[in-house]
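Asks: Provided herewith is a single structure, encoded as structure tokens, for subsequent inquiry.
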Amino acid sequence: MFFQYLINGLSIGSVYALIAIGYNMVYGILELLNFAHGDVYAVGCFVTFTLLLMKQNIFLSIICGMIVGYIMNTIVERFAYRPVRFSGRVTPTISAVGIAYIMRNVIMKIWGPETYPFDVGIRGTQVEFSNFIFGTLQIYIFIIAISLMLLISFLMKRTKLGQSVIAISQSIPTSALMGVPVNRTISMVYGIGGALGVIGGILFCIYYESIFLGIGFMLGTMKAWMSSILGGIGSLKGAVIGALALGLMESFVGGYISTAYRDAFVWGFFILFILIRPMGLFPAQISEKV
């Protein structure tokens, strides 16, 4: 069972990582936590769910959900975050919480509070290898998530967008003076985070075969936030490692100790960890803005 728990943990951890990357990209630029991230991308997940109910192509449905997540996050950044960008940390946080509640109520108004079965028509099979049985669906989820994470890493390190993000993270005024399109770059970072969140949310729904109102809060606000803190807030590498570690903890605690008290054990470990290492495993080297 050890290897089964290992694969399950890596699969769900990679989903957490996709969502945590969106958090860390925003924090790396503005040093602000986007608490509306989860509920915004949840709308994109429900759009995908609705299109699937209408018997639309699965890939077209996912792309439409990603576009909705991208556009909505850029709109939120433009009208809720940009006007208070230099107003300290409390005001943007309050704005983010307000947007989260608005998005959650939008979901409840349109789709209701029920839990719906989420079926994309993909059926995993059981594969037996050396007395070890594992599901191929978990492997597919892990491969998709890792491929997307590598793509984002390449985007941040090898493209002009990535260089702009690095410049803005050092100094927004200096970047603007050097010709970096600050507002457009920050808006794109928010949008990319929203699109990644939609993919992560859909993979989570495929994994558990259900979608529900609290998917944004549970994945975006709780799991991705924990992953970011464990790995090191502001560090993409830290976000990935922290998310995989969280997924493995949940899998092994649920398998060997108790699924009923899994969250209590994981949160207990999390509290002990941040008491010992409050900056996480790989704290980002972010220059202090003066």
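Residues in the structure tokens are named by chain (A, B, ... in the order shown) and by number from 1 within that chain; ligands are numbered from 1 in the order shown.
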Got a sec: who's within 12 Å of A:Ile172, counting only C-alpha atoms, leaving out chain neighbours fewer than 4 positions off, as a compact mmCIF listing (two decimals) with N, CA and C atoms, in the first residue's frame?

Replies:
# COMPACT_ATOMS: atom_id res chain seq x y z
N GLY A 28 5.32 37.21 -5.43
CA GLY A 28 6.66 37.55 -5.88
C GLY A 28 6.76 38.95 -6.44
N ILE A 29 5.65 39.47 -7.02
CA ILE A 29 5.67 40.81 -7.59
C ILE A 29 5.25 41.86 -6.56
N LEU A 30 4.13 41.63 -5.89
CA LEU A 30 3.52 42.66 -5.05
C LEU A 30 3.66 42.40 -3.56
N GLU A 31 4.14 41.20 -3.18
CA GLU A 31 4.22 40.81 -1.78
C GLU A 31 2.85 40.89 -1.11
N ARG A 85 -3.10 49.35 -4.78
CA ARG A 85 -1.82 48.64 -4.84
C ARG A 85 -0.80 49.20 -3.86
N PHE A 86 -0.78 50.49 -3.67
CA PHE A 86 0.22 51.13 -2.80
C PHE A 86 -0.41 51.64 -1.49
N SER A 164 10.39 40.50 -17.13
CA SER A 164 9.62 41.64 -16.64
C SER A 164 9.13 41.39 -15.22
N VAL A 165 8.71 40.16 -14.96
CA VAL A 165 8.24 39.81 -13.62
C VAL A 165 9.37 39.97 -12.60
N ILE A 166 10.57 39.51 -12.98
CA ILE A 166 11.73 39.64 -12.08
C ILE A 166 12.04 41.11 -11.81
N ALA A 167 12.00 41.92 -12.87
CA ALA A 167 12.29 43.35 -12.71
C ALA A 167 11.27 44.03 -11.81
N ILE A 168 9.99 43.74 -12.03
CA ILE A 168 8.94 44.37 -11.23
C ILE A 168 9.02 43.94 -9.77
N ALA A 176 9.12 50.66 -14.31
CA ALA A 176 8.34 51.55 -15.18
C ALA A 176 9.24 52.54 -15.91
N LEU A 177 10.25 53.08 -15.20
CA LEU A 177 11.17 54.04 -15.82
C LEU A 177 12.02 53.39 -16.91
N MET A 178 12.25 52.08 -16.78
CA MET A 178 13.06 51.35 -17.76
C MET A 178 12.23 50.84 -18.92
N GLY A 179 10.96 51.16 -18.95
CA GLY A 179 10.12 50.79 -20.07
C GLY A 179 9.37 49.49 -19.92
N VAL A 180 9.41 48.88 -18.76
CA VAL A 180 8.67 47.63 -18.53
C VAL A 180 7.19 47.96 -18.39
N PRO A 181 6.31 47.31 -19.15
CA PRO A 181 4.86 47.57 -19.02
C PRO A 181 4.33 46.98 -17.71
N VAL A 182 4.43 47.74 -16.64
CA VAL A 182 4.15 47.22 -15.30
C VAL A 182 2.72 46.72 -15.17
N ASN A 183 1.76 47.56 -15.49
CA ASN A 183 0.36 47.17 -15.29
C ASN A 183 -0.02 45.97 -16.15
N THR A 185 1.98 43.63 -17.30
CA THR A 185 2.67 42.43 -16.80
C THR A 185 1.99 41.88 -15.56
N ILE A 186 1.65 42.76 -14.62
CA ILE A 186 0.98 42.32 -13.39
C ILE A 186 -0.38 41.71 -13.73
N SER A 287 13.69 41.61 -2.46
CA SER A 287 14.26 42.85 -1.97
C SER A 287 13.20 43.66 -1.24
N GLU A 288 13.63 44.30 -0.17
CA GLU A 288 12.70 45.14 0.58
C GLU A 288 12.44 46.42 -0.21
N LYS A 289 11.17 46.75 -0.40
CA LYS A 289 10.79 47.93 -1.17
C LYS A 289 10.73 49.13 -0.25
N VAL A 290 11.51 50.15 -0.55
CA VAL A 290 11.55 51.35 0.29
C VAL A 290 11.21 52.58 -0.56

Asks: Please provide the set of residues having any atom within 8 Å of stretch 203-210 of chain A, restricted to only C-alpha atoms, with same-chain residues fewer than 3 positions apart removed, written as a VMD selection string.

Replies: chain A and resid 12 15 115 to 120 137 to 138 141 199 to 200

Asks: Write out the residues from the selection above, keeping N, CA and C atoms, as a PDB file, in the first residue's frame.

Replies:
ATOM      1  N   ILE A  12      -2.324  14.350  -5.918  1.00  0.00           N
ATOM      2  CA  ILE A  12      -3.085  15.459  -5.333  1.00  0.00           C
ATOM      3  C   ILE A  12      -2.147  16.615  -4.988  1.00  0.00           C
ATOM      4  N   VAL A  15      -1.645  18.797  -7.973  1.00  0.00           N
ATOM      5  CA  VAL A  15      -2.798  19.675  -8.181  1.00  0.00           C
ATOM      6  C   VAL A  15      -2.692  20.905  -7.279  1.00  0.00           C
ATOM      7  N   THR A 115     -23.442  19.535  -4.204  1.00  0.00           N
ATOM      8  CA  THR A 115     -22.264  18.842  -4.744  1.00  0.00           C
ATOM      9  C   THR A 115     -22.704  18.046  -5.958  1.00  0.00           C
ATOM     10  N   TYR A 116     -22.041  18.286  -7.078  1.00  0.00           N
ATOM     11  CA  TYR A 116     -22.428  17.639  -8.328  1.00  0.00           C
ATOM     12  C   TYR A 116     -21.384  16.604  -8.737  1.00  0.00           C
ATOM     13  N   PRO A 117     -21.835  15.504  -9.357  1.00  0.00           N
ATOM     14  CA  PRO A 117     -20.855  14.555  -9.913  1.00  0.00           C
ATOM     15  C   PRO A 117     -20.131  15.185 -11.093  1.00  0.00           C
ATOM     16  N   PHE A 118     -18.826  14.981 -11.162  1.00  0.00           N
ATOM     17  CA  PHE A 118     -18.004  15.569 -12.213  1.00  0.00           C
ATOM     18  C   PHE A 118     -17.438  14.432 -13.054  1.00  0.00           C
ATOM     19  N   ASP A 119     -17.969  14.285 -14.255  1.00  0.00           N
ATOM     20  CA  ASP A 119     -17.567  13.184 -15.131  1.00  0.00           C
ATOM     21  C   ASP A 119     -17.116  13.756 -16.471  1.00  0.00           C
ATOM     22  N   VAL A 120     -15.849  13.553 -16.793  1.00  0.00           N
ATOM     23  CA  VAL A 120     -15.318  14.036 -18.073  1.00  0.00           C
ATOM     24  C   VAL A 120     -15.190  12.908 -19.085  1.00  0.00           C
ATOM     25  N   LEU A 137      -5.339   6.853 -13.664  1.00  0.00           N
ATOM     26  CA  LEU A 137      -5.871   8.203 -13.627  1.00  0.00           C
ATOM     27  C   LEU A 137      -4.985   9.109 -12.777  1.00  0.00           C
ATOM     28  N   GLN A 138      -4.510   8.603 -11.645  1.00  0.00           N
ATOM     29  CA  GLN A 138      -3.618   9.386 -10.792  1.00  0.00           C
ATOM     30  C   GLN A 138      -2.308   9.704 -11.509  1.00  0.00           C
ATOM     31  N   ILE A 141      -2.977  12.538 -14.037  1.00  0.00           N
ATOM     32  CA  ILE A 141      -3.093  13.826 -13.353  1.00  0.00           C
ATOM     33  C   ILE A 141      -1.712  14.352 -12.978  1.00  0.00           C
ATOM     34  N   ILE A 199      -7.233  24.874 -14.187  1.00  0.00           N
ATOM     35  CA  ILE A 199      -6.734  23.532 -14.525  1.00  0.00           C
ATOM     36  C   ILE A 199      -6.574  22.702 -13.259  1.00  0.00           C
ATOM     37  N   GLY A 200      -5.965  23.301 -12.217  1.00  0.00           N
ATOM     38  CA  GLY A 200      -5.811  22.574 -10.968  1.00  0.00           C
ATOM     39  C   GLY A 200      -7.140  22.163 -10.374  1.00  0.00           C
TER      40      GLY A 200
END

Asks: Using DSSP on the backbone coordinates, identify the residues of stretch 18-266 of chain A assigned to strand (DSSP E or B); present them as a ChimeraX atom specification.

Replies: /A:116-117,126-129,132-135,210-211

Asks: Using C-alpha atoms, can you write the selected residues to a file as a tab-separated table (two decimals), in the first residue's frame?

Replies:
chain	number	residue	atom	x	y	z
A	116	TYR	CA	-22.43	17.64	-8.33
A	117	PRO	CA	-20.85	14.56	-9.91
A	126	GLN	CA	-6.04	-0.54	-12.55
A	127	VAL	CA	-2.53	-1.69	-13.41
A	128	GLU	CA	-0.77	-4.43	-11.48
A	129	PHE	CA	3.00	-4.34	-11.32
A	132	PHE	CA	1.49	-3.41	-6.64
A	133	ILE	CA	-1.83	-2.10	-7.98
A	134	PHE	CA	-2.21	1.53	-8.94
A	135	GLY	CA	-4.69	3.62	-10.90
A	210	SER	CA	-17.26	15.85	-7.86
A	211	ILE	CA	-17.50	19.64	-7.87

Asks: Find, counting only C-alpha atoms, the residue in A:Gly255, A:Gly220, A:Gly268, A:Pro278 that gets nearest to A:Gln4.

Replies: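 Between A:Gly255, A:Gly220, A:Gly268, A:Pro278, the residue approaching A:Gln4 most closely is A:Gly255.
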
Asks: Taking only C-alpha atoms into account, name the residue in A:Ser235, A:Ser61, A:Asn73, A:Thr50 that is nearest to A:Ile107.

Replies: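 When distances to A:Ile107 are compared using only C-alpha atoms, the smallest one comes from A:Thr50.
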
Asks: Rounded to one decimal place, report the atom CA of A:Pro283-atom CA of A:Asn24 distance in Å.

Replies: 11.1 Å

Asks: When DSSP works through the backbone of this structure, what residues of stretch 1-205 of chain A end up as alpha helix (DSSP H), shown as a ChimeraX atom specification?

Replies: /A:2-30,37-53,58-76,90-111,136-158,160-170,172-177,182-205

Asks: Store the residues picked out above in a file with C-alpha atoms, as a short mmCIF file (atom, residue, chain, number, x, y, z; two decimals), in the first residue's frame.

Replies:
data_model
loop_
_atom_site.label_atom_id
_atom_site.label_comp_id
_atom_site.auth_asym_id
_atom_site.auth_seq_id
_atom_site.Cartn_x
_atom_site.Cartn_y
_atom_site.Cartn_z
CA PHE A 2 2.97 2.30 0.48
CA PHE A 3 3.40 2.91 -3.25
CA GLN A 4 -0.33 3.42 -3.70
CA TYR A 5 -0.30 6.14 -1.05
CA LEU A 6 2.83 7.60 -2.64
CA ILE A 7 1.21 7.92 -6.06
CA ASN A 8 -2.01 9.31 -4.57
CA GLY A 9 -0.02 11.87 -2.57
CA LEU A 10 2.04 12.98 -5.57
CA SER A 11 -1.09 13.28 -7.72
CA ILE A 12 -3.08 15.46 -5.33
CA GLY A 13 0.06 17.36 -4.35
CA SER A 14 0.74 18.28 -7.97
CA VAL A 15 -2.80 19.68 -8.18
CA TYR A 16 -2.14 21.80 -5.10
CA ALA A 17 1.09 22.97 -6.73
CA LEU A 18 -0.65 24.34 -9.83
CA ILE A 19 -2.86 26.50 -7.64
CA ALA A 20 -0.07 27.51 -5.26
CA ILE A 21 2.01 28.78 -8.20
CA GLY A 22 -0.65 31.42 -8.84
CA TYR A 23 -0.36 32.60 -5.24
CA ASN A 24 3.41 32.76 -5.38
CA MET A 25 3.60 34.56 -8.72
CA VAL A 26 1.45 37.39 -7.34
CA TYR A 27 3.34 37.50 -4.06
CA GLY A 28 6.66 37.55 -5.88
CA ILE A 29 5.67 40.81 -7.59
CA LEU A 30 3.52 42.66 -5.05
CA HIS A 37 -7.68 33.50 -6.07
CA GLY A 38 -9.61 30.36 -5.14
CA ASP A 39 -13.14 31.65 -5.55
CA VAL A 40 -12.29 33.41 -8.82
CA TYR A 41 -10.90 30.30 -10.53
CA ALA A 42 -13.79 28.25 -9.08
CA VAL A 43 -16.08 30.15 -11.45
CA GLY A 44 -13.97 28.89 -14.36
CA CYS A 45 -14.28 25.33 -13.05
CA PHE A 46 -18.07 25.63 -12.91
CA VAL A 47 -18.13 27.05 -16.45
CA THR A 48 -16.22 23.96 -17.61
CA PHE A 49 -18.64 21.77 -15.67
CA THR A 50 -21.63 23.46 -17.35
CA LEU A 51 -20.17 23.00 -20.83
CA LEU A 52 -19.53 19.34 -20.10
CA LEU A 53 -23.17 18.95 -19.08
CA ILE A 58 -13.81 18.19 -23.11
CA PHE A 59 -10.79 20.12 -24.36
CA LEU A 60 -12.93 23.01 -25.60
CA SER A 61 -14.73 23.07 -22.25
CA ILE A 62 -11.46 23.22 -20.31
CA ILE A 63 -10.06 25.94 -22.57
CA CYS A 64 -13.22 28.02 -22.11
CA GLY A 65 -12.94 27.58 -18.33
CA MET A 66 -9.29 28.69 -18.45
CA ILE A 67 -10.21 31.76 -20.50
CA VAL A 68 -12.91 32.66 -17.96
CA GLY A 69 -10.42 32.23 -15.10
CA TYR A 70 -7.84 34.36 -16.93
CA ILE A 71 -10.26 37.16 -17.78
CA MET A 72 -11.91 37.26 -14.38
CA ASN A 73 -8.59 37.44 -12.54
CA THR A 74 -7.41 40.29 -14.78
CA ILE A 75 -10.69 42.16 -14.17
CA VAL A 76 -10.35 41.66 -10.42
CA VAL A 90 -4.45 45.61 4.94
CA THR A 91 -6.54 47.38 2.31
CA PRO A 92 -5.75 44.95 -0.58
CA THR A 93 -6.38 42.02 1.78
CA ILE A 94 -9.83 43.35 2.69
CA SER A 95 -10.53 43.95 -0.99
CA ALA A 96 -9.49 40.36 -1.78
CA VAL A 97 -11.75 38.90 0.91
CA GLY A 98 -14.64 40.99 -0.41
CA ILE A 99 -14.09 39.73 -3.96
CA ALA A 100 -13.93 36.15 -2.67
CA TYR A 101 -17.32 36.47 -1.00
CA ILE A 102 -18.81 38.06 -4.11
CA MET A 103 -17.54 35.23 -6.33
CA ARG A 104 -18.78 32.61 -3.89
CA ASN A 105 -22.24 34.15 -3.91
CA VAL A 106 -22.19 34.30 -7.70
CA ILE A 107 -21.49 30.56 -7.78
CA MET A 108 -24.24 29.88 -5.24
CA LYS A 109 -26.73 32.01 -7.19
CA ILE A 110 -26.04 30.32 -10.53
CA TRP A 111 -25.17 26.74 -9.60
CA THR A 136 -3.63 5.17 -14.20
CA LEU A 137 -5.87 8.20 -13.63
CA GLN A 138 -3.62 9.39 -10.79
CA ILE A 139 -0.60 8.98 -13.06
CA TYR A 140 -2.26 11.03 -15.81
CA ILE A 141 -3.09 13.83 -13.35
CA PHE A 142 0.48 13.86 -12.04
CA ILE A 143 2.00 13.98 -15.55
CA ILE A 144 -0.33 16.78 -16.70
CA ALA A 145 0.37 18.87 -13.60
CA ILE A 146 4.14 18.40 -13.76
CA SER A 147 4.18 19.27 -17.48
CA LEU A 148 2.31 22.51 -16.82
CA MET A 149 4.64 23.39 -13.95
CA LEU A 150 7.68 22.90 -16.21
CA LEU A 151 6.02 25.09 -18.83
CA ILE A 152 5.46 27.89 -16.30
CA SER A 153 9.04 27.56 -15.06
CA PHE A 154 10.30 27.95 -18.62
CA LEU A 155 7.99 30.93 -19.15
CA MET A 156 9.33 32.69 -16.05
CA LYS A 157 13.00 32.01 -16.79
CA ARG A 158 13.33 32.19 -20.57
CA LYS A 160 10.47 38.54 -21.76
CA LEU A 161 7.45 38.15 -19.53
CA GLY A 162 9.55 36.30 -16.98
CA GLN A 163 12.25 38.94 -17.10
CA SER A 164 9.62 41.64 -16.64
CA VAL A 165 8.24 39.81 -13.62
CA ILE A 166 11.73 39.64 -12.08
CA ALA A 167 12.29 43.35 -12.71
CA ILE A 168 8.94 44.37 -11.23
CA SER A 169 9.53 42.20 -8.15
CA GLN A 170 12.65 44.27 -7.46
CA ILE A 172 7.90 48.77 -9.64
CA PRO A 173 8.88 52.47 -10.14
CA THR A 174 12.32 51.59 -11.53
CA SER A 175 10.82 48.99 -13.87
CA ALA A 176 8.34 51.55 -15.18
CA LEU A 177 11.17 54.04 -15.82
CA VAL A 182 4.15 47.22 -15.30
CA ASN A 183 0.36 47.17 -15.29
CA ARG A 184 0.12 44.84 -18.28
CA THR A 185 2.67 42.43 -16.80
CA ILE A 186 0.98 42.32 -13.39
CA SER A 187 -2.39 41.80 -15.09
CA MET A 188 -0.95 38.90 -17.11
CA VAL A 189 0.49 37.32 -13.97
CA TYR A 190 -2.94 37.45 -12.32
CA GLY A 191 -4.51 36.00 -15.46
CA ILE A 192 -2.01 33.15 -15.77
CA GLY A 193 -2.57 32.34 -12.11
CA GLY A 194 -6.32 32.20 -12.73
CA ALA A 195 -5.94 29.90 -15.75
CA LEU A 196 -3.62 27.58 -13.80
CA GLY A 197 -6.10 27.57 -10.93
CA VAL A 198 -8.87 26.43 -13.27
CA ILE A 199 -6.73 23.53 -14.52
CA GLY A 200 -5.81 22.57 -10.97
CA GLY A 201 -9.44 22.75 -9.88
CA ILE A 202 -10.59 20.61 -12.81
CA LEU A 203 -7.91 17.99 -12.10
CA PHE A 204 -9.06 17.94 -8.47
CA CYS A 205 -12.66 17.46 -9.59
#
